[in-house]
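Quick look at start.cif (mmCIF, C-alpha atoms):
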```
data_structure
#
loop_
_atom_site.group_PDB
_atom_site.id
_atom_site.type_symbol
_atom_site.label_atom_id
_atom_site.label_comp_id
_atom_site.auth_asym_id
_atom_site.auth_seq_id
_atom_site.Cartn_x
_atom_site.Cartn_y
_atom_site.Cartn_z
ATOM 1 C CA MET A 294 26.270 16.945 17.554
ATOM 2 C CA ILE A 295 22.735 15.535 17.447
ATOM 3 C CA LEU A 296 21.719 17.478 20.548
ATOM 4 C CA THR A 297 23.141 20.684 19.079
ATOM 5 C CA THR A 298 21.163 20.135 15.874
ATOM 6 C CA LEU A 299 17.999 19.505 17.879
ATOM 7 C CA GLU A 300 18.598 22.716 19.783
ATOM 8 C CA HIS A 301 18.906 24.757 16.573
ATOM 9 C CA ILE A 302 15.773 23.160 15.131
ATOM 10 C CA SER A 303 13.816 23.857 18.310
ATOM 11 C CA ALA A 304 15.023 27.466 18.360
ATOM 12 C CA HIS A 305 13.969 28.161 14.755
ATOM 13 C CA VAL A 306 10.635 26.352 15.031
ATOM 14 C CA SER A 307 9.700 28.055 18.306
ATOM 15 C CA PHE A 308 10.642 31.508 16.998
ATOM 16 C CA SER A 309 8.659 30.985 13.779
ATOM 17 C CA LEU A 310 5.646 29.748 15.737
ATOM 18 C CA ILE A 311 5.718 32.552 18.276
ATOM 19 C CA SER A 312 5.950 35.122 15.468
ATOM 20 C CA VAL A 313 2.855 33.667 13.774
ATOM 21 C CA VAL A 314 1.020 33.486 17.107
ATOM 22 C CA THR A 315 1.826 37.143 17.805
ATOM 23 C CA VAL A 316 0.296 38.171 14.466
ATOM 24 C CA ILE A 317 -2.774 36.012 15.170
ATOM 25 C CA TYR A 318 -3.391 37.613 18.565
ATOM 26 C CA TRP A 319 -3.004 41.150 17.247
ATOM 27 C CA VAL A 320 -5.374 40.440 14.347
ATOM 28 C CA THR A 321 -7.842 38.894 16.807
ATOM 29 C CA LEU A 322 -7.586 41.920 19.111
ATOM 30 C CA VAL A 323 -7.957 44.543 16.382
ATOM 31 C CA TYR A 324 -10.545 42.890 14.146
ATOM 32 C CA GLN A 325 -12.299 40.788 16.844
ATOM 33 C CA ILE A 326 -12.045 37.535 14.895
ATOM 34 C CA GLU A 327 -12.797 35.080 17.693
ATOM 35 C CA GLU A 328 -12.052 31.996 15.557
ATOM 36 C CA LEU A 329 -8.361 32.913 15.489
ATOM 37 C CA GLY A 330 -8.114 33.112 19.300
ATOM 38 C CA SER A 331 -8.173 29.347 19.788
ATOM 39 C CA SER A 332 -5.505 28.916 17.104
ATOM 40 C CA GLY A 333 -3.284 31.395 18.922
ATOM 41 C CA GLY A 334 -3.672 29.478 22.189
ATOM 42 C CA LYS A 335 -2.744 26.183 20.552
ATOM 43 C CA GLY A 336 0.228 27.762 18.817
ATOM 44 C CA MET A 337 1.413 29.241 22.111
ATOM 45 C CA LYS A 338 1.367 25.800 23.732
ATOM 46 C CA VAL A 339 3.314 24.225 20.852
ATOM 47 C CA SER A 340 5.847 27.057 21.016
ATOM 48 C CA PHE A 341 6.172 26.512 24.777
ATOM 49 C CA VAL A 342 6.926 22.818 24.166
ATOM 50 C CA CYS A 343 9.590 23.749 21.586
ATOM 51 C CA ILE A 344 11.314 26.233 23.909
ATOM 52 C CA THR A 345 11.162 23.676 26.713
ATOM 53 C CA GLY A 346 12.814 21.139 24.400
ATOM 54 C CA LEU A 347 15.504 23.677 23.546
ATOM 55 C CA LEU A 348 16.304 24.348 27.194
ATOM 56 C CA VAL A 349 16.287 20.645 28.104
ATOM 57 C CA THR A 350 18.532 19.776 25.151
ATOM 58 C CA ARG A 351 20.985 22.526 26.018
ATOM 59 C CA SER A 352 21.011 21.368 29.631
ATOM 60 C CA LEU A 353 21.820 17.782 28.573
ATOM 61 C CA TYR A 354 24.843 18.546 26.433
ATOM 62 C CA SER A 355 26.201 21.396 28.579
ATOM 63 C CA GLY A 356 25.892 19.497 31.856
ATOM 64 C CA HIS A 357 24.288 22.383 33.761
ATOM 65 C CA LEU A 358 21.081 24.403 33.832
ATOM 66 C CA PRO A 359 20.828 26.776 30.839
ATOM 67 C CA LEU A 360 20.982 29.928 32.966
ATOM 68 C CA SER A 361 24.645 30.854 32.702
ATOM 69 C CA ASN A 362 24.788 33.622 30.062
ATOM 70 C CA LEU A 363 22.681 36.325 28.411
ATOM 71 C CA TYR A 364 21.464 34.099 25.567
ATOM 72 C CA GLU A 365 20.244 31.386 27.901
ATOM 73 C CA SER A 366 18.602 33.899 30.235
ATOM 74 C CA PHE A 367 16.730 35.469 27.308
ATOM 75 C CA MET A 368 15.505 32.062 26.145
ATOM 76 C CA PHE A 369 14.381 31.299 29.691
ATOM 77 C CA LEU A 370 12.620 34.680 29.787
ATOM 78 C CA SER A 371 10.787 33.806 26.569
ATOM 79 C CA TRP A 372 9.860 30.420 28.064
ATOM 80 C CA SER A 373 8.569 32.196 31.182
ATOM 81 C CA SER A 374 6.367 34.525 29.117
ATOM 82 C CA SER A 375 4.851 31.521 27.351
ATOM 83 C CA LEU A 376 4.269 29.794 30.698
ATOM 84 C CA ILE A 377 2.560 32.895 32.101
ATOM 85 C CA HIS A 378 0.274 32.983 29.077
ATOM 86 C CA ILE A 379 -0.737 29.343 29.477
ATOM 87 C CA VAL A 380 -1.398 29.748 33.212
ATOM 88 C CA LEU A 381 -3.464 32.917 32.774
ATOM 89 C CA GLU A 382 -5.326 31.461 29.816
ATOM 90 C CA VAL A 383 -6.611 28.709 32.095
ATOM 91 C CA ARG A 384 -7.965 31.375 34.474
ATOM 92 C CA SER A 385 -9.482 33.575 31.769
ATOM 93 C CA GLN A 386 -11.104 32.405 28.538
ATOM 94 C CA ASP A 387 -11.305 35.780 26.745
ATOM 95 C CA THR A 388 -7.585 36.464 26.281
ATOM 96 C CA PRO A 389 -6.761 38.151 22.945
ATOM 97 C CA TRP A 390 -5.274 41.115 24.850
ATOM 98 C CA LEU A 391 -3.307 38.690 27.028
ATOM 99 C CA GLY A 392 -1.884 36.945 23.971
ATOM 100 C CA ALA A 393 -0.990 40.277 22.391
ATOM 101 C CA ILE A 394 1.135 41.065 25.473
ATOM 102 C CA THR A 395 2.695 37.699 26.328
ATOM 103 C CA ALA A 396 3.243 36.482 22.755
ATOM 104 C CA THR A 397 4.860 39.774 21.765
ATOM 105 C CA SER A 398 7.112 39.637 24.832
ATOM 106 C CA ALA A 399 8.140 36.056 24.080
ATOM 107 C CA MET A 400 8.780 36.852 20.413
ATOM 108 C CA LEU A 401 10.891 39.952 21.082
ATOM 109 C CA THR A 402 13.022 38.340 23.792
ATOM 110 C CA GLN A 403 13.617 35.200 21.740
ATOM 111 C CA GLY A 404 14.253 37.264 18.603
ATOM 112 C CA PHE A 405 16.880 39.322 20.397
ATOM 113 C CA ALA A 406 18.540 36.177 21.731
ATOM 114 C CA THR A 407 18.709 34.384 18.374
ATOM 115 C CA LEU A 408 19.191 37.335 16.011
ATOM 116 C CA GLY A 409 20.638 40.136 18.137
ATOM 117 C CA LEU A 410 23.351 38.385 20.094
ATOM 118 C CA PRO A 411 26.627 37.361 18.419
ATOM 119 C CA GLU A 412 27.124 33.659 17.753
ATOM 120 C CA LYS A 413 29.878 33.421 20.342
ATOM 121 C CA MET A 414 27.443 34.599 23.043
ATOM 122 C CA GLN A 415 24.989 31.845 22.046
ATOM 123 C CA GLN A 416 27.472 29.052 22.630
ATOM 124 C CA SER A 417 27.369 27.123 25.886
ATOM 125 C CA ALA A 418 30.452 27.299 28.099
ATOM 126 C CA MET A 419 31.674 25.846 31.378
ATOM 127 C CA LEU A 420 30.323 27.494 34.498
ATOM 128 C CA VAL A 421 32.669 29.786 36.349
ATOM 129 C CA PRO A 422 33.412 28.560 39.912
ATOM 130 C CA ALA A 423 31.043 31.068 41.523
ATOM 131 C CA LEU A 424 28.113 29.695 39.496
ATOM 132 C CA GLN A 425 28.838 26.057 40.314
ATOM 133 C CA SER A 426 26.316 25.948 43.113
ATOM 134 C CA HIS A 427 22.894 24.479 43.843
ATOM 135 C CA TRP A 428 21.711 28.073 44.354
ATOM 136 C CA LEU A 429 21.941 28.665 40.574
ATOM 137 C CA MET A 430 18.539 27.116 39.919
ATOM 138 C CA MET A 431 16.844 28.720 42.919
ATOM 139 C CA HIS A 432 18.159 32.251 42.529
ATOM 140 C CA VAL A 433 18.377 32.768 38.754
ATOM 141 C CA SER A 434 15.147 30.957 37.896
ATOM 142 C CA MET A 435 13.191 32.952 40.504
ATOM 143 C CA ILE A 436 14.671 36.242 39.317
ATOM 144 C CA LEU A 437 13.936 35.545 35.629
ATOM 145 C CA LEU A 438 10.416 34.339 36.395
ATOM 146 C CA SER A 439 9.847 37.519 38.389
ATOM 147 C CA TYR A 440 11.171 39.629 35.493
ATOM 148 C CA ALA A 441 8.775 37.959 33.047
ATOM 149 C CA THR A 442 5.813 38.304 35.410
ATOM 150 C CA LEU A 443 6.551 41.912 36.349
ATOM 151 C CA LEU A 444 7.054 42.884 32.708
ATOM 152 C CA CYS A 445 3.744 41.262 31.785
ATOM 153 C CA GLY A 446 1.963 43.165 34.556
ATOM 154 C CA SER A 447 3.653 46.442 33.637
ATOM 155 C CA LEU A 448 2.758 46.043 29.967
ATOM 156 C CA SER A 449 -0.861 45.520 31.015
ATOM 157 C CA SER A 450 -0.676 48.805 32.930
ATOM 158 C CA ILE A 451 0.852 50.589 29.934
ATOM 159 C CA ALA A 452 -1.951 49.252 27.727
ATOM 160 C CA TYR A 453 -4.452 50.427 30.351
ATOM 161 C CA LEU A 454 -3.005 53.950 30.285
ATOM 162 C CA ILE A 455 -3.073 54.066 26.479
ATOM 163 C CA ILE A 456 -6.730 53.038 26.313
ATOM 164 C CA THR A 457 -7.891 55.365 29.103
ATOM 165 C CA SER A 458 -5.941 58.293 27.660
ATOM 166 C CA ASN A 459 -7.699 57.701 24.350
ATOM 167 C CA ILE A 460 -11.070 57.788 26.120
ATOM 168 C CA ASN A 461 -10.141 60.991 27.971
ATOM 169 C CA ARG A 462 -9.014 62.573 24.698
ATOM 170 C CA LYS A 463 -12.415 61.832 23.196
ATOM 171 C CA ILE A 464 -14.096 63.529 26.136
ATOM 172 C CA VAL A 465 -11.890 66.633 25.767
ATOM 173 C CA LEU A 466 -12.594 66.833 22.032
ATOM 174 C CA ILE A 467 -16.321 66.514 22.655
ATOM 175 C CA ALA A 468 -16.196 69.248 25.308
ATOM 176 C CA ASN A 469 -14.249 71.575 22.988
ATOM 177 C CA ASN A 470 -16.658 70.974 20.129
ATOM 178 C CA CYS A 471 -19.541 71.629 22.495
ATOM 179 C CA PHE A 472 -18.025 74.963 23.566
ATOM 180 C CA LEU A 473 -17.358 76.008 19.972
ATOM 181 C CA ARG A 474 -20.874 75.093 18.915
ATOM 182 C CA SER A 475 -22.382 77.017 21.816
ATOM 183 C CA PHE A 476 -20.250 80.069 20.986
ATOM 184 C CA LEU A 477 -21.173 80.080 17.316
ATOM 185 C CA THR A 478 -24.866 79.327 17.709
ATOM 186 C CA TYR A 479 -25.468 81.102 21.046
ATOM 187 C CA LYS A 480 -26.578 77.811 22.495
ATOM 188 C CA ASN A 481 -27.357 77.717 26.205
ATOM 189 C CA TRP A 482 -24.101 76.736 27.965
ATOM 190 C CA TYR A 483 -25.932 74.844 30.676
ATOM 191 C CA SER A 484 -27.423 72.452 28.156
ATOM 192 C CA CYS A 485 -24.018 72.062 26.497
ATOM 193 C CA ASP A 486 -22.389 71.306 29.841
ATOM 194 C CA GLN A 487 -25.108 68.798 30.548
ATOM 195 C CA GLU A 488 -24.435 67.231 27.156
ATOM 196 C CA LYS A 489 -20.744 66.955 27.987
ATOM 197 C CA ASN A 490 -21.538 65.209 31.269
ATOM 198 C CA ASP A 491 -23.854 62.813 29.493
ATOM 199 C CA LEU A 492 -21.175 62.016 26.935
ATOM 200 C CA GLN A 493 -18.617 61.530 29.683
ATOM 201 C CA ASP A 494 -20.975 59.070 31.345
ATOM 202 C CA THR A 495 -21.235 57.350 27.982
ATOM 203 C CA PHE A 496 -17.511 57.047 27.287
ATOM 204 C CA TYR A 497 -15.942 56.679 30.719
ATOM 205 C CA PHE A 498 -15.920 54.016 33.431
ATOM 206 C CA PRO A 499 -19.655 53.888 34.181
ATOM 207 C CA LEU A 500 -20.281 52.429 30.757
ATOM 208 C CA THR A 501 -20.426 48.804 31.750
ATOM 209 C CA ASN A 502 -21.503 47.469 28.368
ATOM 210 C CA SER A 503 -18.578 48.941 26.463
ATOM 211 C CA ARG A 504 -15.791 46.702 25.140
ATOM 212 C CA GLN A 505 -13.226 49.331 26.106
ATOM 213 C CA CYS A 506 -14.473 49.453 29.679
ATOM 214 C CA GLN A 507 -14.350 45.676 29.982
ATOM 215 C CA LEU A 508 -10.854 45.631 28.525
ATOM 216 C CA THR A 509 -9.559 48.320 30.894
ATOM 217 C CA TYR A 510 -11.033 46.464 33.866
ATOM 218 C CA GLN A 511 -9.351 43.216 32.796
ATOM 219 C CA LEU A 512 -6.028 44.947 32.208
ATOM 220 C CA ASP A 513 -6.114 46.650 35.611
ATOM 221 C CA HIS A 514 -7.171 43.432 37.358
ATOM 222 C CA TRP A 515 -4.589 41.149 35.774
ATOM 223 C CA SER A 516 -1.850 43.752 36.094
ATOM 224 C CA TYR A 517 -2.430 43.776 39.859
ATOM 225 C CA ARG A 518 -2.526 39.978 40.066
ATOM 226 C CA THR A 519 0.591 39.346 37.964
ATOM 227 C CA ILE A 520 2.627 42.068 39.650
ATOM 228 C CA GLY A 521 1.690 40.588 43.028
ATOM 229 C CA ILE A 522 3.038 37.199 41.921
ATOM 230 C CA GLY A 523 6.116 38.754 40.333
ATOM 231 C CA PHE A 524 6.877 40.741 43.482
ATOM 232 C CA SER A 525 6.786 37.547 45.562
ATOM 233 C CA LEU A 526 9.104 35.778 43.116
ATOM 234 C CA SER A 527 11.454 38.771 43.136
ATOM 235 C CA THR A 528 11.569 38.711 46.938
ATOM 236 C CA ILE A 529 12.455 35.006 46.942
ATOM 237 C CA GLY A 530 15.082 35.602 44.247
ATOM 238 C CA ILE A 531 16.739 38.466 46.128
ATOM 239 C CA LEU A 532 16.816 36.568 49.437
ATOM 240 C CA SER A 533 18.234 33.415 47.831
ATOM 241 C CA GLY A 534 20.778 35.564 45.982
ATOM 242 C CA ALA A 535 21.887 37.125 49.268
ATOM 243 C CA VAL A 536 22.472 33.685 50.801
ATOM 244 C CA TRP A 537 24.362 32.565 47.695
ATOM 245 C CA ALA A 538 26.471 35.746 47.705
ATOM 246 C CA ASN A 539 27.465 35.084 51.289
ATOM 247 C CA GLU A 540 28.612 31.581 50.353
ATOM 248 C CA ALA A 541 30.476 32.694 47.224
ATOM 249 C CA TRP A 542 31.842 36.118 48.180
ATOM 250 C CA GLY A 543 31.552 36.222 51.977
ATOM 251 C CA SER A 544 28.960 39.011 52.085
ATOM 252 C CA TYR A 545 25.176 39.021 51.907
ATOM 253 C CA TRP A 546 25.057 42.412 50.175
ATOM 254 C CA SER A 547 27.877 44.300 48.457
ATOM 255 C CA TRP A 548 25.966 47.029 46.563
ATOM 256 C CA ASP A 549 26.943 45.543 43.241
ATOM 257 C CA PRO A 550 25.155 47.459 40.391
ATOM 258 C CA LYS A 551 22.852 44.504 39.711
ATOM 259 C CA GLU A 552 22.003 44.233 43.410
ATOM 260 C CA THR A 553 21.334 47.960 43.638
ATOM 261 C CA TRP A 554 19.010 47.997 40.638
ATOM 262 C CA ALA A 555 17.277 44.852 41.893
ATOM 263 C CA LEU A 556 16.563 46.699 45.151
ATOM 264 C CA ILE A 557 15.266 49.720 43.193
ATOM 265 C CA THR A 558 13.016 47.421 41.146
ATOM 266 C CA TRP A 559 11.714 45.739 44.300
ATOM 267 C CA THR A 560 11.015 49.145 45.885
ATOM 268 C CA ILE A 561 9.065 50.429 42.849
ATOM 269 C CA TYR A 562 6.737 47.434 42.849
ATOM 270 C CA ALA A 563 6.459 47.535 46.647
ATOM 271 C CA ILE A 564 5.180 51.114 46.252
ATOM 272 C CA TYR A 565 2.717 49.900 43.604
ATOM 273 C CA LEU A 566 1.346 47.166 45.855
ATOM 274 C CA HIS A 567 1.228 49.536 48.830
ATOM 275 C CA THR A 568 -0.887 52.018 46.898
ATOM 276 C CA ARG A 569 -3.217 49.243 45.752
ATOM 277 C CA ILE A 570 -3.609 47.423 49.065
ATOM 278 C CA ASN A 571 -3.299 50.095 51.779
ATOM 279 C CA ARG A 572 -4.274 53.245 49.895
ATOM 280 C CA GLY A 573 -6.979 51.581 47.838
ATOM 281 C CA TRP A 574 -5.786 53.250 44.629
ATOM 282 C CA GLN A 575 -7.033 51.885 41.336
ATOM 283 C CA GLY A 576 -6.782 52.989 37.750
ATOM 284 C CA GLU A 577 -4.291 55.511 36.436
ATOM 285 C CA LYS A 578 -2.142 56.347 39.482
ATOM 286 C CA PRO A 579 -0.893 52.820 40.269
ATOM 287 C CA ALA A 580 -0.699 52.099 36.522
ATOM 288 C CA ILE A 581 1.807 54.957 36.181
ATOM 289 C CA VAL A 582 3.950 53.420 38.937
ATOM 290 C CA ALA A 583 3.791 49.998 37.243
ATOM 291 C CA SER A 584 4.713 51.575 33.890
ATOM 292 C CA LEU A 585 7.794 53.114 35.508
ATOM 293 C CA GLY A 586 8.662 49.665 36.817
ATOM 294 C CA PHE A 587 8.732 48.335 33.240
ATOM 295 C CA PHE A 588 11.731 50.508 32.375
ATOM 296 C CA ILE A 589 13.428 49.876 35.734
ATOM 297 C CA VAL A 590 13.255 46.109 35.167
ATOM 298 C CA TRP A 591 14.937 46.431 31.767
ATOM 299 C CA ILE A 592 17.689 48.619 33.227
ATOM 300 C CA CYS A 593 18.255 46.076 35.991
ATOM 301 C CA TYR A 594 18.198 43.058 33.685
ATOM 302 C CA LEU A 595 19.676 44.199 30.391
ATOM 303 C CA GLY A 596 21.240 47.611 30.938
ATOM 304 C CA VAL A 597 23.704 46.487 33.602
ATOM 305 C CA ASP A 598 24.581 43.332 31.632
ATOM 306 C CA LEU A 599 25.273 45.092 28.351
ATOM 307 C CA LEU A 600 27.494 47.666 30.015
ATOM 308 C CA GLY A 601 29.597 44.889 31.546
ATOM 309 C CA ILE A 602 29.416 46.345 35.049
ATOM 310 C CA GLY A 603 29.745 44.350 38.254
ATOM 311 C CA LEU A 604 29.972 40.735 39.313
ATOM 312 C CA HIS A 605 26.600 39.790 37.781
ATOM 313 C CA SER A 606 27.431 41.011 34.284
ATOM 314 C CA TYR A 607 27.119 38.908 31.154
ATOM 315 C CA GLY A 608 27.937 41.929 29.005
ATOM 316 C CA TRP A 609 29.290 41.774 25.474
ATOM 317 C CA LEU A 610 29.597 45.478 24.579
ATOM 318 C CA VAL A 611 32.732 46.013 26.628
#
```

Whole structure, structure tokens version:
Amino acid sequence: MILTTLEHISAHVSFSLISVVTVIYWVTLVYQIEELGSSGGKGMKVSFVCITGLLVTRSLYSGHLPLSNLYESFMFLSWSSSLIHIVLEVRSQDTPWLGAITATSAMLTQGFATLGLPEKMQQSAMLVPALQSHWLMMHVSMILLSYATLLCGSLSSIAYLIITSNINRKIVLIANNCFLRSFLTYKNWYSCDQEKNDLQDTFYFPLTNSRQCQLTYQLDHWSYRTIGIGFSLSTIGILSGAVWANEAWGSYWSWDPKETWALITWTIYAIYLHTRINRGWQGEKPAIVASLGFFIVWICYLGVDLLGIGLHSYGWLV
């Protein structure tokens, strides 16, 4: 009873804290109030401690790792997002954009777990025989950590595309205004074209002193780094899952819907890394691939579960 009460307290405190931290990071990012950034970092660490306490408490009274149903996996995903933020914050001091991504991810996943799932789904239950294995920690933890890391990297790519598309839109508007002005005033088109090129040099990647340029560089850089880590974790998770499946079901691979979508997810991010490493692509093209991976991950993780399909399902809609 005491452990259950502690779990509920930790859940409510961590969700309240992560909600406040999310607001702080977005205010810091939009209005550039640097004083709030340190508060957001401290709040993220306290929230991480609370979620850790929740998972430890649940593990103590349930007698197994809290990775057995959709609620527990969502809480672990929120914990993973907080951990990613803390690790990346150590590597980079200027992180309001990072907090806006990781804190929002942690808040939404934890909010869905505590407010979106029915109470029966939130209750701990005995593990089914297939899950009573030492592979539970290795396989499920690696897969969920990879989901959190890949989602963080994909969100960075989506943010990159939004910012660069805004810059490109400015350039198009300037070019159109230049053409209209030259048509109405009989201005020399060569000078107008030269003006457009000058403005493009002002607004696009060569502008090294711009805040937008620095932000796009950071987003592209950290997206590549986090997706690389997430891809490695996903590979470990899939391989350990294959070994576990052979022990539990007698087959390394059975084309279960979750397995199929996991392979599709792995392939998408393999293509992303291939284009970055071997092709030398940077910027918009690999960011589009990573953005596609964001939706594929959610289909693999949540879509299959909610439809109640396959051996890996924790669905509640069916």

Near region 363-373 of chain A, counting all atoms listed in the file, which residues have an atom at most 10 Å away, once you skip same-chain residues fewer than 5 positions from it, shown as a tab-separated table (two decimals) with C-alpha atoms, in the coordinates of the input?
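Contents of part.tsv, as written:
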```tsv
chain	number	residue	atom	x	y	z
A	304	ALA	CA	15.02	27.47	18.36
A	308	PHE	CA	10.64	31.51	17.00
A	311	ILE	CA	5.72	32.55	18.28
A	340	SER	CA	5.85	27.06	21.02
A	341	PHE	CA	6.17	26.51	24.78
A	342	VAL	CA	6.93	22.82	24.17
A	343	CYS	CA	9.59	23.75	21.59
A	344	ILE	CA	11.31	26.23	23.91
A	345	THR	CA	11.16	23.68	26.71
A	347	LEU	CA	15.50	23.68	23.55
A	348	LEU	CA	16.30	24.35	27.19
A	351	ARG	CA	20.98	22.53	26.02
A	358	LEU	CA	21.08	24.40	33.83
A	378	HIS	CA	0.27	32.98	29.08
A	379	ILE	CA	-0.74	29.34	29.48
A	395	THR	CA	2.70	37.70	26.33
A	396	ALA	CA	3.24	36.48	22.76
A	397	THR	CA	4.86	39.77	21.76
A	398	SER	CA	7.11	39.64	24.83
A	399	ALA	CA	8.14	36.06	24.08
A	400	MET	CA	8.78	36.85	20.41
A	401	LEU	CA	10.89	39.95	21.08
A	402	THR	CA	13.02	38.34	23.79
A	403	GLN	CA	13.62	35.20	21.74
A	404	GLY	CA	14.25	37.26	18.60
A	405	PHE	CA	16.88	39.32	20.40
A	406	ALA	CA	18.54	36.18	21.73
A	407	THR	CA	18.71	34.38	18.37
A	409	GLY	CA	20.64	40.14	18.14
A	410	LEU	CA	23.35	38.38	20.09
A	411	PRO	CA	26.63	37.36	18.42
A	412	GLU	CA	27.12	33.66	17.75
A	413	LYS	CA	29.88	33.42	20.34
A	414	MET	CA	27.44	34.60	23.04
A	415	GLN	CA	24.99	31.84	22.05
A	416	GLN	CA	27.47	29.05	22.63
A	417	SER	CA	27.37	27.12	25.89
A	433	VAL	CA	18.38	32.77	38.75
A	434	SER	CA	15.15	30.96	37.90
A	436	ILE	CA	14.67	36.24	39.32
A	437	LEU	CA	13.94	35.54	35.63
A	438	LEU	CA	10.42	34.34	36.40
A	439	SER	CA	9.85	37.52	38.39
A	440	TYR	CA	11.17	39.63	35.49
A	441	ALA	CA	8.78	37.96	33.05
A	442	THR	CA	5.81	38.30	35.41
A	594	TYR	CA	18.20	43.06	33.68
A	595	LEU	CA	19.68	44.20	30.39
A	598	ASP	CA	24.58	43.33	31.63
A	599	LEU	CA	25.27	45.09	28.35
A	606	SER	CA	27.43	41.01	34.28
A	607	TYR	CA	27.12	38.91	31.15
A	608	GLY	CA	27.94	41.93	29.00
A	609	TRP	CA	29.29	41.77	25.47
```

Point to revise | Chain and number of each residue from the PyMOL selection byres ((chain A and resi 428) around 10), as a VMD selection string | key: chain A and resid 424 to 427 429 to 434 533 to 534 536 to 538 540

Exercise for review: Please measure the separation of CA of Leu508 (chain A) and CA of Val590 (chain A), giving the value in Å to one decimal.
Suggested key: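 Value for the CA of Leu508 (chain A)-CA of Val590 (chain A) distance: 25.0 Å.
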
Practice item. Take CA of Cys593 (chain A) and CA of Trp554 (chain A) and report the distance between them in Å, one decimal. Key: 5.1 Å

Check your understanding: Which residues come within 9 Å of Leu391 (chain A), counting all atoms listed in the file, excluding same-chain residues fewer than 5 positions away, as a ChimeraX atom specification?
Key -> /A:318,378,381-382,396,445,449,512

Check your understanding: CA of Ile394 (chain A) and CA of Tyr510 (chain A), how far apart in Å?
Key -> 15.7 Å

Evaluating the PyMOL selection byres ((chain A and resi 332) around 12) on the displayed file yields which residues, as a PDB file with C-alpha atoms, keeping the file's coordinate frame?
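What ended up in expr-v1.pdb:
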```
ATOM      1  CA  LEU A 310       5.646  29.748  15.737  1.00  0.00           C
ATOM      2  CA  ILE A 311       5.718  32.552  18.276  1.00  0.00           C
ATOM      3  CA  VAL A 313       2.855  33.667  13.774  1.00  0.00           C
ATOM      4  CA  VAL A 314       1.020  33.486  17.107  1.00  0.00           C
ATOM      5  CA  THR A 315       1.826  37.143  17.805  1.00  0.00           C
ATOM      6  CA  VAL A 316       0.296  38.171  14.466  1.00  0.00           C
ATOM      7  CA  ILE A 317      -2.774  36.012  15.170  1.00  0.00           C
ATOM      8  CA  TYR A 318      -3.391  37.613  18.565  1.00  0.00           C
ATOM      9  CA  VAL A 320      -5.374  40.440  14.347  1.00  0.00           C
ATOM     10  CA  THR A 321      -7.842  38.894  16.807  1.00  0.00           C
ATOM     11  CA  ILE A 326     -12.045  37.535  14.895  1.00  0.00           C
ATOM     12  CA  GLU A 327     -12.797  35.080  17.693  1.00  0.00           C
ATOM     13  CA  GLU A 328     -12.052  31.996  15.557  1.00  0.00           C
ATOM     14  CA  LEU A 329      -8.361  32.913  15.489  1.00  0.00           C
ATOM     15  CA  GLY A 330      -8.114  33.112  19.300  1.00  0.00           C
ATOM     16  CA  SER A 331      -8.173  29.347  19.788  1.00  0.00           C
ATOM     17  CA  GLY A 333      -3.284  31.395  18.922  1.00  0.00           C
ATOM     18  CA  GLY A 334      -3.672  29.478  22.189  1.00  0.00           C
ATOM     19  CA  LYS A 335      -2.744  26.183  20.552  1.00  0.00           C
ATOM     20  CA  GLY A 336       0.228  27.762  18.817  1.00  0.00           C
ATOM     21  CA  MET A 337       1.413  29.241  22.111  1.00  0.00           C
ATOM     22  CA  LYS A 338       1.367  25.800  23.732  1.00  0.00           C
ATOM     23  CA  VAL A 339       3.314  24.225  20.852  1.00  0.00           C
ATOM     24  CA  PRO A 389      -6.761  38.151  22.945  1.00  0.00           C
ATOM     25  CA  GLY A 392      -1.884  36.945  23.971  1.00  0.00           C
TER      26      GLY A 392
END
```
